[in-house]
$ cat final26.txt   # compact mmCIF, C-alpha atoms
# COMPACT_ATOMS: atom_id res chain seq x y z
CA MET A 1 23.42 127.45 27.38
CA SER A 2 26.68 127.55 29.27
CA GLN A 3 28.39 130.86 29.90
CA ALA A 4 31.93 131.58 28.78
CA ASN A 5 33.13 131.71 32.40
CA GLU A 6 31.46 128.44 33.38
CA TRP A 7 33.01 125.00 33.25
CA PRO A 8 31.63 122.76 30.52
CA LEU A 9 28.72 120.47 31.21
CA TRP A 10 29.18 116.69 31.17
CA GLU A 11 26.58 113.93 30.93
CA VAL A 12 27.08 111.05 33.33
CA PHE A 13 26.34 107.38 32.62
CA VAL A 14 26.56 104.79 35.36
CA ARG A 15 26.66 101.02 35.08
CA SER A 16 25.03 99.52 38.11
CA LYS A 17 26.27 95.93 37.66
CA SER A 18 28.68 94.09 35.44
CA GLY A 19 26.86 92.91 32.34
CA LEU A 20 24.24 95.66 32.40
CA ASP A 21 24.54 98.72 30.22
CA HIS A 22 25.54 102.23 31.28
CA LYS A 23 22.47 104.36 31.97
CA HIS A 24 22.25 108.12 31.82
CA CYS A 25 21.74 109.47 35.31
CA GLY A 26 22.44 113.21 35.17
CA SER A 27 24.97 115.88 34.43
CA LEU A 28 27.59 117.99 36.16
CA HIS A 29 30.12 120.76 35.58
CA ALA A 30 33.84 120.01 35.45
CA PRO A 31 36.90 121.64 33.88
CA ASP A 32 38.13 118.47 32.18
CA ALA A 33 37.60 114.73 31.77
CA LYS A 34 39.68 113.71 34.78
CA LEU A 35 37.74 115.82 37.25
CA ALA A 36 34.46 115.01 35.49
CA ILE A 37 35.01 111.31 36.25
CA GLN A 38 35.88 112.07 39.89
CA ALA A 39 32.90 114.38 40.30
CA ALA A 40 30.64 111.76 38.71
CA ARG A 41 31.95 109.20 41.19
CA ASP A 42 31.30 111.57 44.09
CA VAL A 43 27.92 112.88 42.98
CA TYR A 44 26.29 109.82 41.39
CA THR A 45 27.74 106.68 43.04
CA ARG A 46 27.50 107.62 46.71
CA ARG A 47 24.93 104.93 47.44
CA GLN A 48 26.55 102.00 45.67
CA GLU A 49 24.83 102.83 42.39
CA GLY A 50 27.74 101.94 40.24
CA THR A 51 30.62 99.75 39.18
CA SER A 52 31.63 101.86 36.19
CA VAL A 53 31.15 105.46 35.08
CA TRP A 54 31.19 107.16 31.69
CA VAL A 55 31.20 110.89 31.15
CA VAL A 56 30.82 112.72 27.87
CA ARG A 57 30.85 116.42 27.11
CA SER A 58 27.21 117.46 26.67
CA ASP A 59 28.11 119.54 23.61
CA GLN A 60 29.42 116.37 21.93
CA ILE A 61 26.00 114.76 21.94
CA VAL A 62 23.98 115.17 18.77
CA ALA A 63 20.28 114.98 19.54
CA SER A 64 17.20 114.76 17.37
CA ASP A 65 15.21 117.96 17.06
CA PRO A 66 11.97 117.90 19.07
CA ALA A 67 10.31 119.64 16.10
CA ASP A 68 11.02 116.54 14.01
CA LYS A 69 9.08 114.31 16.39
CA ALA A 70 6.00 114.02 14.14
CA MET A 71 8.05 113.09 11.08
CA TYR A 72 10.56 110.86 12.90
CA PHE A 73 8.54 108.89 15.39
CA ASP A 74 4.75 109.12 14.86
CA PRO A 75 4.71 106.92 11.70
CA MET A 76 5.74 103.95 13.85
CA ALA A 77 2.60 104.10 15.97
CA ASP A 78 0.36 101.94 13.74
CA LYS A 79 2.88 99.34 12.56
CA VAL A 80 2.24 96.64 15.10
CA TYR A 81 3.58 93.99 12.69
CA ARG A 82 7.06 95.27 13.50
CA HIS A 83 6.71 93.87 17.00
CA PRO A 84 7.67 90.21 17.25
CA THR A 85 4.34 89.30 18.83
CA PHE A 86 2.92 87.21 15.99
CA TYR A 87 5.25 84.27 16.24
CA GLN A 88 4.16 81.03 17.84
CA LEU A 89 6.97 80.03 20.11
CA PRO A 90 7.50 76.33 20.75
CA PRO A 91 6.65 75.51 24.37
CA SER A 92 10.29 74.78 25.18
CA VAL A 93 11.28 78.43 24.61
CA ASP A 94 8.09 79.88 25.98
CA GLN A 95 9.90 81.76 28.72
CA MET A 96 11.98 83.77 26.26
CA MET B 1 18.34 123.09 81.18
CA GLY B 2 18.40 119.38 81.97
CA VAL B 3 21.22 117.36 83.41
CA ARG B 4 24.56 118.21 81.81
CA GLN B 5 26.44 115.20 80.54
CA THR B 6 29.67 114.83 82.48
CA SER B 7 32.98 114.06 80.83
CA ILE B 8 34.46 110.60 80.54
CA GLU B 9 38.08 109.69 80.93
CA PRO B 10 39.60 107.27 78.45
CA SER B 11 42.19 104.68 79.37
CA ARG B 12 45.78 105.90 79.14
CA ALA B 13 47.20 102.51 78.21
CA PRO B 14 49.60 102.87 75.25
CA PRO B 15 47.60 100.74 72.79
CA VAL B 16 44.47 102.79 73.53
CA GLN B 17 46.39 106.03 73.00
CA TYR B 18 47.83 104.72 69.76
CA VAL B 19 44.37 103.92 68.39
CA LEU B 20 42.86 107.15 69.73
CA ARG B 21 45.52 109.26 68.01
CA LEU B 22 44.50 107.85 64.66
CA ALA B 23 40.77 107.90 65.46
CA ASP B 24 40.97 111.55 66.52
CA LEU B 25 42.96 112.51 63.44
CA CYS B 26 40.09 111.15 61.32
CA LEU B 27 37.36 112.59 63.55
CA ILE B 28 38.72 116.13 63.83
CA LEU B 29 39.61 116.43 60.14
CA ALA B 30 36.10 115.18 59.31
CA GLN B 31 34.62 117.89 61.53
CA ARG B 32 36.70 120.52 59.72
CA LEU B 33 35.64 119.17 56.31
CA GLY B 34 32.01 119.13 57.41
CA GLU B 35 32.28 122.89 57.80
CA TRP B 36 32.51 123.11 54.01
CA CYS B 37 29.00 121.69 53.61
CA GLY B 38 27.15 124.32 51.58
CA HIS B 39 30.27 126.52 51.29
CA ALA B 40 32.54 124.81 48.75
CA PRO B 41 33.35 126.78 45.58
CA ILE B 42 31.23 124.45 43.41
CA LEU B 43 28.44 121.98 44.04
CA GLU B 44 30.45 118.98 42.84
CA GLU B 45 33.30 119.78 45.25
CA ASP B 46 30.86 120.41 48.08
CA ILE B 47 29.72 116.82 47.71
CA ALA B 48 33.28 115.51 47.28
CA LEU B 49 34.47 117.20 50.50
CA THR B 50 31.54 115.97 52.55
CA ASN B 51 31.95 112.47 51.07
CA THR B 52 35.52 112.56 52.32
CA ALA B 53 34.31 113.77 55.72
CA LEU B 54 31.83 110.90 55.92
CA ASP B 55 34.51 108.33 55.02
CA LEU B 56 36.71 109.76 57.78
CA ILE B 57 33.86 109.64 60.29
CA GLY B 58 33.30 106.00 59.36
CA GLN B 59 36.97 105.26 60.03
CA ALA B 60 36.86 107.22 63.30
CA ARG B 61 33.75 105.34 64.44
CA ALA B 62 35.36 101.96 63.90
CA LEU B 63 38.56 103.02 65.66
CA LEU B 64 36.75 104.68 68.59
CA THR B 65 34.61 101.60 69.12
CA HIS B 66 37.75 99.51 69.14
CA ALA B 67 39.56 101.93 71.48
CA GLY B 68 36.63 101.65 73.89
CA ARG B 69 36.92 97.86 73.98
CA LEU B 70 40.70 97.97 74.25
CA GLY B 71 40.38 100.41 77.14
CA ALA B 72 38.09 98.01 79.01
CA ALA B 73 40.50 95.15 78.37
CA GLN B 74 43.37 97.32 79.63
CA GLY B 75 41.69 97.70 82.99
CA CYS B 76 39.56 100.83 82.58
CA GLY B 77 36.62 98.63 83.57
CA VAL B 78 33.69 99.92 81.52
CA VAL B 79 33.47 99.75 77.74
CA LEU B 80 33.20 103.30 76.47
CA ASP B 81 31.27 103.49 73.21
CA GLU B 82 32.08 105.50 70.10
CA ASP B 83 29.70 108.34 71.01
CA GLN B 84 31.08 108.74 74.52
CA LEU B 85 34.61 108.81 73.17
CA ALA B 86 33.74 111.22 70.35
CA PHE B 87 31.64 113.66 72.34
CA LEU B 88 32.37 113.43 76.03
CA ARG B 89 36.11 113.74 76.39
CA GLU B 90 37.88 116.85 77.64
CA GLU B 91 40.12 118.70 75.22
CA ARG B 92 43.35 117.28 76.68
CA ASP B 93 42.08 113.76 76.08
CA TYR B 94 41.86 114.28 72.30
CA LEU B 95 45.04 112.97 70.75
CA ASN B 96 44.91 114.17 67.14
CA PRO B 97 47.99 115.86 65.69
CA THR B 98 47.51 119.63 65.66
CA LEU B 99 47.59 119.78 61.85
CA VAL B 100 43.98 118.57 61.49
CA GLU B 101 42.46 120.98 64.02
CA LEU B 102 43.72 124.15 62.31
CA PRO B 103 40.79 126.20 60.97
CA ARG B 104 39.69 125.15 57.52
CA GLY B 105 41.14 128.23 55.76
CA ASP B 106 40.41 128.70 52.08
CA PHE B 107 39.97 126.00 49.45
CA ALA B 108 43.73 125.85 48.77
CA PHE B 109 44.45 125.30 52.48
CA THR B 110 41.79 122.61 52.82
CA THR B 111 42.85 120.86 49.63
CA LEU B 112 46.54 120.82 50.47
CA ARG B 113 45.88 119.61 54.02
CA ASN B 114 43.63 116.86 52.60
CA ALA B 115 46.41 115.80 50.25
CA MET B 116 48.95 115.76 53.09
CA VAL B 117 46.72 113.80 55.44
CA ALA B 118 45.39 111.39 52.81
CA THR B 119 48.96 110.61 51.72
CA TRP B 120 49.91 109.97 55.33
CA LEU B 121 46.81 107.85 55.93
CA THR B 122 47.42 105.78 52.81
CA HIS B 123 50.80 104.77 54.21
CA MET B 124 49.42 104.32 57.72
CA TRP B 125 46.52 102.08 56.64
CA GLN B 126 48.87 100.02 54.49
CA HIS B 127 51.08 99.34 57.50
CA LEU B 128 48.09 98.70 59.75
CA SER B 129 46.54 96.14 57.41
CA ALA B 130 49.33 93.86 58.73
CA SER B 131 48.56 94.73 62.38
CA SER B 132 48.75 92.02 64.99
CA ASP B 133 45.34 93.29 66.14
CA ALA B 134 42.87 91.65 63.73
CA GLU B 135 40.23 94.35 64.29
CA VAL B 136 42.69 97.12 63.41
CA ALA B 137 43.89 95.17 60.36
CA GLY B 138 40.29 94.81 59.17
CA ILE B 139 39.53 98.52 59.61
CA ALA B 140 42.74 99.40 57.76
CA ALA B 141 42.07 97.08 54.82
CA LYS B 142 38.76 98.83 54.20
CA ALA B 143 40.01 102.35 54.90
CA VAL B 144 43.03 102.19 52.61
CA LYS B 145 40.73 102.14 49.56
CA GLU B 146 38.99 105.28 50.77
CA ALA B 147 42.27 107.03 51.56
CA ARG B 148 43.64 106.25 48.09
CA TYR B 149 40.71 108.02 46.48
CA HIS B 150 40.94 110.99 48.88
CA GLN B 151 44.62 111.24 48.04
CA ARG B 152 44.07 111.15 44.29
CA HIS B 153 41.27 113.71 44.38
CA ALA B 154 43.07 116.16 46.66
CA ALA B 155 46.40 115.74 44.83
CA ASP B 156 44.71 116.48 41.49
CA TRP B 157 43.40 119.72 42.94
CA VAL B 158 46.77 120.65 44.40
CA VAL B 159 48.36 120.35 40.95
CA ARG B 160 45.51 122.35 39.39
CA LEU B 161 45.79 125.15 41.91
CA GLY B 162 49.58 125.27 41.65
CA ASP B 163 49.38 125.21 37.89
CA GLY B 164 46.33 127.49 37.69
CA THR B 165 46.06 131.26 37.95
CA ALA B 166 48.49 133.58 39.70
CA GLU B 167 46.00 133.85 42.57
CA SER B 168 45.46 130.10 42.97
CA LYS B 169 49.21 129.55 43.00
CA GLN B 170 49.74 132.27 45.56
CA ARG B 171 47.04 130.88 47.84
CA LEU B 172 48.48 127.39 47.57
CA GLU B 173 51.93 128.69 48.40
CA GLU B 174 50.60 130.50 51.46
CA ALA B 175 48.78 127.34 52.55
CA LEU B 176 51.96 125.30 52.15
CA HIS B 177 53.94 127.63 54.40
CA GLU B 178 51.21 127.71 57.02
CA LEU B 179 50.72 123.95 57.05
CA TRP B 180 54.27 122.72 56.69
CA PRO B 181 55.51 123.31 60.27
CA TYR B 182 52.63 121.15 61.55
CA THR B 183 53.57 118.14 59.41
CA ALA B 184 56.65 117.40 61.56
CA GLU B 185 54.37 116.02 64.28
CA LEU B 186 53.17 113.32 61.87
CA PHE B 187 56.61 111.71 61.99
CA GLU B 188 57.47 111.92 65.68
CA SER B 189 57.75 108.78 67.75
CA ASP B 190 57.39 108.36 71.48
CA THR B 191 56.78 105.60 74.02
CA VAL B 192 53.27 105.00 72.63
CA ASP B 193 54.80 104.30 69.22
CA GLU B 194 57.51 102.09 70.71
CA HIS B 195 54.87 100.06 72.45
CA ALA B 196 52.82 99.69 69.25
CA ALA B 197 55.85 98.71 67.21
CA ALA B 198 56.94 96.15 69.79
CA SER B 199 53.52 94.50 70.04
CA GLY B 200 52.92 94.60 66.27
CA LEU B 201 49.86 96.81 66.73
CA GLY B 202 51.17 99.36 64.24
CA PRO B 203 54.19 101.26 62.97
CA ARG B 204 56.02 104.07 64.72
CA TRP B 205 54.78 107.26 63.11
CA SER B 206 58.41 107.99 62.18
CA ALA B 207 58.33 104.93 59.90
CA LEU B 208 55.89 106.76 57.60
CA ARG B 209 58.28 109.61 57.02
CA GLU B 210 60.21 108.35 54.02
CA GLY B 211 57.21 107.27 51.95
CA TRP B 212 55.31 110.46 52.71
CA PHE B 213 58.19 112.74 51.82
CA ALA B 214 58.84 110.91 48.55
CA GLN B 215 55.20 111.24 47.51
CA MET B 216 54.86 114.85 48.64
CA ARG B 217 58.05 115.82 46.86
CA VAL B 218 56.64 114.55 43.56
CA LEU B 219 53.27 116.22 44.17
CA LEU B 220 54.72 119.59 45.12
CA SER B 221 57.03 119.61 42.15
CA GLU B 222 54.10 118.79 39.84
CA ALA B 223 52.30 121.75 41.39
CA GLY B 224 55.34 123.95 40.82
CA LEU B 225 56.06 124.42 44.52
CA ALA B 226 59.31 123.97 46.39
CA MET B 227 59.26 121.80 49.49
CA PRO B 228 59.87 124.04 52.50
CA ALA B 229 62.81 123.38 54.78
CA GLU B 230 62.21 121.70 58.10
CA GLY B 231 62.06 124.08 61.06
CA PRO B 232 62.47 123.57 64.81
CA PHE B 233 58.73 124.01 65.60
CA ARG B 234 56.91 120.93 66.91
CA SER B 235 53.18 120.82 67.56
CA THR B 236 52.02 118.54 70.34
CA GLY B 237 48.35 117.70 69.69
CA ARG B 238 48.89 113.96 69.87
CA SER B 239 50.01 114.28 73.49
CA GLY B 240 46.84 116.25 74.21
CA LYS B 241 48.40 119.70 74.15
CA HIS B 242 46.49 121.50 71.45
CA SER B 243 46.35 124.82 69.65
CA GLU B 244 43.77 127.42 70.68
CA HIS B 245 41.52 126.19 67.84
CA LEU B 246 40.50 122.78 69.16
CA GLY B 247 38.42 124.11 72.06
CA TYR B 248 36.12 126.01 69.70
CA LEU B 249 35.80 123.02 67.42
CA LEU B 250 34.88 120.76 70.36
CA THR B 251 32.31 123.25 71.60
CA ASP B 252 30.51 122.94 68.27
CA MET B 253 30.99 119.21 68.00
CA GLN B 254 30.03 118.30 71.56
CA TYR B 255 27.15 120.71 72.06
CA LEU B 256 24.33 118.33 71.25
CA GLN B 257 25.53 115.42 73.36
CA ARG B 258 26.32 117.72 76.26
CA ALA B 259 22.96 119.48 76.15
CA TYR B 260 20.86 116.40 75.33
CA PRO B 261 22.73 113.46 76.90
CA GLY B 262 22.38 110.25 74.93
CA GLY B 263 20.44 112.03 72.19
CA ALA B 264 20.07 109.82 69.11
CA TRP B 265 18.31 110.16 65.77
$ encode --input "final26.txt" --output "structure tokens"
Amino acid sequence: MSQANEWPLWEVFVRSKSGLDHKHCGSLHAPDAKLAIQAARDVYTRRQEGTSVWVVRSDQIVASDPADKAMYFDPMADKVYRHPTFYQLPPSVDQM
Amino acid sequence: MGVRQTSIEPSRAPPVQYVLRLADLCLILAQRLGEWCGHAPILEEDIALTNTALDLIGQARALLTHAGRLGAAQGCGVVLDEDQLAFLREERDYLNPTLVELPRGDFAFTTLRNAMVATWLTHMWQHLSASSDAEVAGIAAKAVKEARYHQRHAADWVVRLGDGTAESKQRLEEALHELWPYTAELFESDTVDEHAAASGLGPRWSALREGWFAQMRVLLSEAGLAMPAEGPFRSTGRSGKHSEHLGYLLTDMQYLQRAYPGGAW
């Protein structure tokens, strides 16, 4: 948890190429959004990783509770029919 | 101890001096910023300062390489490479303005100097992107993007420190009064400048004055600081006459190449 005298934590998302989605790549401390974007640029795009950066205050992210994992996610394990693997694709779209 | 590497002497032709002044400004400020590595107030800023240093070293490398070739073309005979020019000159042959060799000071001092220099460089690179020397124009076109970011980042911090706590404001104010007298040298012109302006190589440094002052006036007022009056003091680093600080900096910077000539890794 962050201390009262510490700057807030921000999560950083970087888009590596136009057309791709922003991917989470880490976090950093910054006093506000403006410096968070600059710090994200300096810390996470030094090696040409990005063409666009998002930052979001970590405390603004609502996450699922790890304790709910069994109830939330385990029931999906045996429902293979939810995967689109049972369709016969015509040969012309075989490379989909 | 093996053979000590002896010093080289760069060409004194005006175009070479013009390029070396700018190259050395970038090189020496980069060395000062490198001193922050592992010492900045926060991790994120540690990386930002060293990123800036690396950008400046990149700019210095390109300019030094070009100065070496220009020197050969101007009759110096041999082509001195970037490493020889960076590491094997005597103190008097470094032509950076004194401003960038001053010790790094505290974070306020470093940040304000970065803002001053980045603002100056933004204007300089803009002018140079129209240089009659295609190599210089190419270097400038790439460097101006880097300088714009350095300027924005440093200027943001200047406003924050000026508009921050009583202590941050006081430190920024002290930095301003220490640094200000050394900015006059950034707008002096001499025969080297006249030569560059006549050949289209680049602007007289005095031509950057108006744009720099306009931008600094806005920045300082945003930070709640008054622009100091201009005094009679003139530093002379770009003619090779430096403060007492450059010698120590060069001792650090040159040590490896002097002790292990041609060392590479």
$ closest_atom_pairs --input "final26.txt" --of "chain B" --to "chain A" --cutoff "12 Å" --atoms "all atoms listed in the file" --output "JSON lines"
{"residue": "B:Ile42", "atom": "CA", "partner": "A:His29", "partner_atom": "CA", "distance": 8.7}
{"residue": "B:Leu43", "atom": "CA", "partner": "A:His29", "partner_atom": "CA", "distance": 8.7}
{"residue": "B:Glu44", "atom": "CA", "partner": "A:Ala39", "partner_atom": "CA", "distance": 5.8}
{"residue": "B:Glu45", "atom": "CA", "partner": "A:Ala39", "partner_atom": "CA", "distance": 7.3}
{"residue": "B:Asp46", "atom": "CA", "partner": "A:Val43", "partner_atom": "CA", "distance": 9.6}
{"residue": "B:Ile47", "atom": "CA", "partner": "A:Val43", "partner_atom": "CA", "distance": 6.4}
{"residue": "B:Ala48", "atom": "CA", "partner": "A:Asp42", "partner_atom": "CA", "distance": 5.4}
{"residue": "B:Leu49", "atom": "CA", "partner": "A:Asp42", "partner_atom": "CA", "distance": 9.1}
{"residue": "B:Thr50", "atom": "CA", "partner": "A:Asp42", "partner_atom": "CA", "distance": 9.5}
{"residue": "B:Asn51", "atom": "CA", "partner": "A:Asp42", "partner_atom": "CA", "distance": 7.1}
{"residue": "B:Thr52", "atom": "CA", "partner": "A:Asp42", "partner_atom": "CA", "distance": 9.3}
{"residue": "B:Leu54", "atom": "CA", "partner": "A:Arg46", "partner_atom": "CA", "distance": 10.7}
{"residue": "B:Asp55", "atom": "CA", "partner": "A:Arg46", "partner_atom": "CA", "distance": 10.9}
{"residue": "B:Glu146", "atom": "CA", "partner": "A:Asp42", "partner_atom": "CA", "distance": 12.0}
{"residue": "B:Tyr149", "atom": "CA", "partner": "A:Gln38", "partner_atom": "CA", "distance": 9.1}
{"residue": "B:His150", "atom": "CA", "partner": "A:Gln38", "partner_atom": "CA", "distance": 10.4}
{"residue": "B:Gln151", "atom": "CA", "partner": "A:Gln38", "partner_atom": "CA", "distance": 12.0}
{"residue": "B:Arg152", "atom": "CA", "partner": "A:Gln38", "partner_atom": "CA", "distance": 9.3}
{"residue": "B:His153", "atom": "CA", "partner": "A:Gln38", "partner_atom": "CA", "distance": 7.2}
{"residue": "B:Ala154", "atom": "CA", "partner": "A:Gln38", "partner_atom": "CA", "distance": 10.7}
{"residue": "B:Ala155", "atom": "CA", "partner": "A:Leu35", "partner_atom": "CA", "distance": 11.5}
{"residue": "B:Asp156", "atom": "CA", "partner": "A:Leu35", "partner_atom": "CA", "distance": 8.2}
{"residue": "B:Trp157", "atom": "CA", "partner": "A:Leu35", "partner_atom": "CA", "distance": 8.9}
{"residue": "B:Arg160", "atom": "CA", "partner": "A:Pro31", "partner_atom": "CA", "distance": 10.2}
{"residue": "B:Gly164", "atom": "CA", "partner": "A:Pro31", "partner_atom": "CA", "distance": 11.7}
$ closest_residue --input "final26.txt" --among "B:Leu95, B:Leu56, B:Met116, B:Ala73" --to "B:Gln17" --atoms "only C-alpha atoms"
B:Leu95
$ residues_around --input "final26.txt" --residues "B:Gly200" --least-positions-apart "5" --cutoff "10 Å" --atoms "all atoms listed in the file" --output "VMD selection string"
chain B and resid 128 130 to 133 194 to 195
$ residues_near_point --input "final26.txt" --point "(24.5, 114.5, 74.9)" --cutoff "9 Å" --atoms "only C-alpha atoms" --output "list in words"
Arg4, Gln5, Asp83, Gln84, Phe87, Leu88, Gln254, Tyr255, Leu256, Gln257, Arg258, Ala259, Tyr260, Pro261, Gly262, Gly263 and Ala264 of chain B
$ closest_residue --input "final26.txt" --among "B:Thr191, B:Ala223, B:Arg238, B:Met216" --to "B:Ala23" --atoms "only C-alpha atoms"
B:Arg238
$ closest_residue --input "final26.txt" --among "A:Ser64, A:Ser16, A:Ser58, A:Gln88" --to "A:Thr45" --atoms "all atoms listed in the file"
A:Ser16
$ atom_distance --input "final26.txt" --atom1 "atom CA of B:Ala197" --atom2 "atom CA of B:Val136"
13.8 Å
$ closest_residue --input "final26.txt" --among "B:Leu27, B:Val158, B:Leu102, B:Ala134" --to "B:Glu244" --atoms "only C-alpha atoms"
B:Leu102
$ atom_distance --input "final26.txt" --atom1 "atom CA of B:Leu64" --atom2 "atom CA of B:Glu178"
29.6 Å
$ decode --input "final26.txt" --residues "stretch 71-86 of chain A" --atoms "N, CA and C atoms" --output "tab-separated table (two decimals), in the first residue's frame"
chain	number	residue	atom	x	y	z
A	71	MET	N	-14.74	-19.75	-7.90
A	71	MET	CA	-16.11	-19.48	-8.30
A	71	MET	C	-16.17	-18.81	-9.68
A	72	TYR	N	-15.24	-17.87	-9.92
A	72	TYR	CA	-15.29	-17.10	-11.16
A	72	TYR	C	-14.80	-17.88	-12.38
A	73	PHE	N	-13.67	-18.53	-12.22
A	73	PHE	CA	-12.98	-19.00	-13.43
A	73	PHE	C	-12.94	-20.53	-13.61
A	74	ASP	N	-12.89	-21.29	-12.53
A	74	ASP	CA	-12.78	-22.75	-12.67
A	74	ASP	C	-13.92	-23.39	-13.45
A	75	PRO	N	-15.18	-22.90	-13.32
A	75	PRO	CA	-16.28	-23.57	-14.04
A	75	PRO	C	-16.09	-23.57	-15.56
A	76	MET	N	-15.23	-22.73	-16.08
A	76	MET	CA	-15.04	-22.68	-17.53
A	76	MET	C	-14.14	-23.80	-18.05
A	77	ALA	N	-13.49	-24.49	-17.13
A	77	ALA	CA	-12.43	-25.43	-17.55
A	77	ALA	C	-12.96	-26.58	-18.40
A	78	ASP	N	-14.19	-27.06	-18.14
A	78	ASP	CA	-14.65	-28.26	-18.86
A	78	ASP	C	-15.70	-27.93	-19.92
A	79	LYS	N	-15.76	-26.69	-20.36
A	79	LYS	CA	-16.78	-26.34	-21.36
A	79	LYS	C	-16.14	-26.06	-22.71
A	80	VAL	N	-15.58	-27.14	-23.24
A	80	VAL	CA	-14.83	-26.99	-24.50
A	80	VAL	C	-15.71	-26.53	-25.64
A	81	TYR	N	-17.03	-26.80	-25.54
A	81	TYR	CA	-17.95	-26.42	-26.63
A	81	TYR	C	-18.03	-24.90	-26.77
A	82	ARG	N	-17.48	-24.17	-25.82
A	82	ARG	CA	-17.49	-22.71	-25.97
A	82	ARG	C	-16.35	-22.22	-26.87
A	83	HIS	N	-15.43	-23.12	-27.17
A	83	HIS	CA	-14.37	-22.75	-28.12
A	83	HIS	C	-14.86	-23.02	-29.53
A	84	PRO	N	-14.56	-22.15	-30.45
A	84	PRO	CA	-15.10	-22.31	-31.81
A	84	PRO	C	-14.30	-23.33	-32.60
A	85	THR	N	-14.07	-24.51	-32.03
A	85	THR	CA	-13.20	-25.48	-32.70
A	85	THR	C	-13.99	-26.58	-33.39
A	86	PHE	N	-15.35	-26.48	-33.33
A	86	PHE	CA	-16.13	-27.58	-33.88
A	86	PHE	C	-16.76	-27.24	-35.22
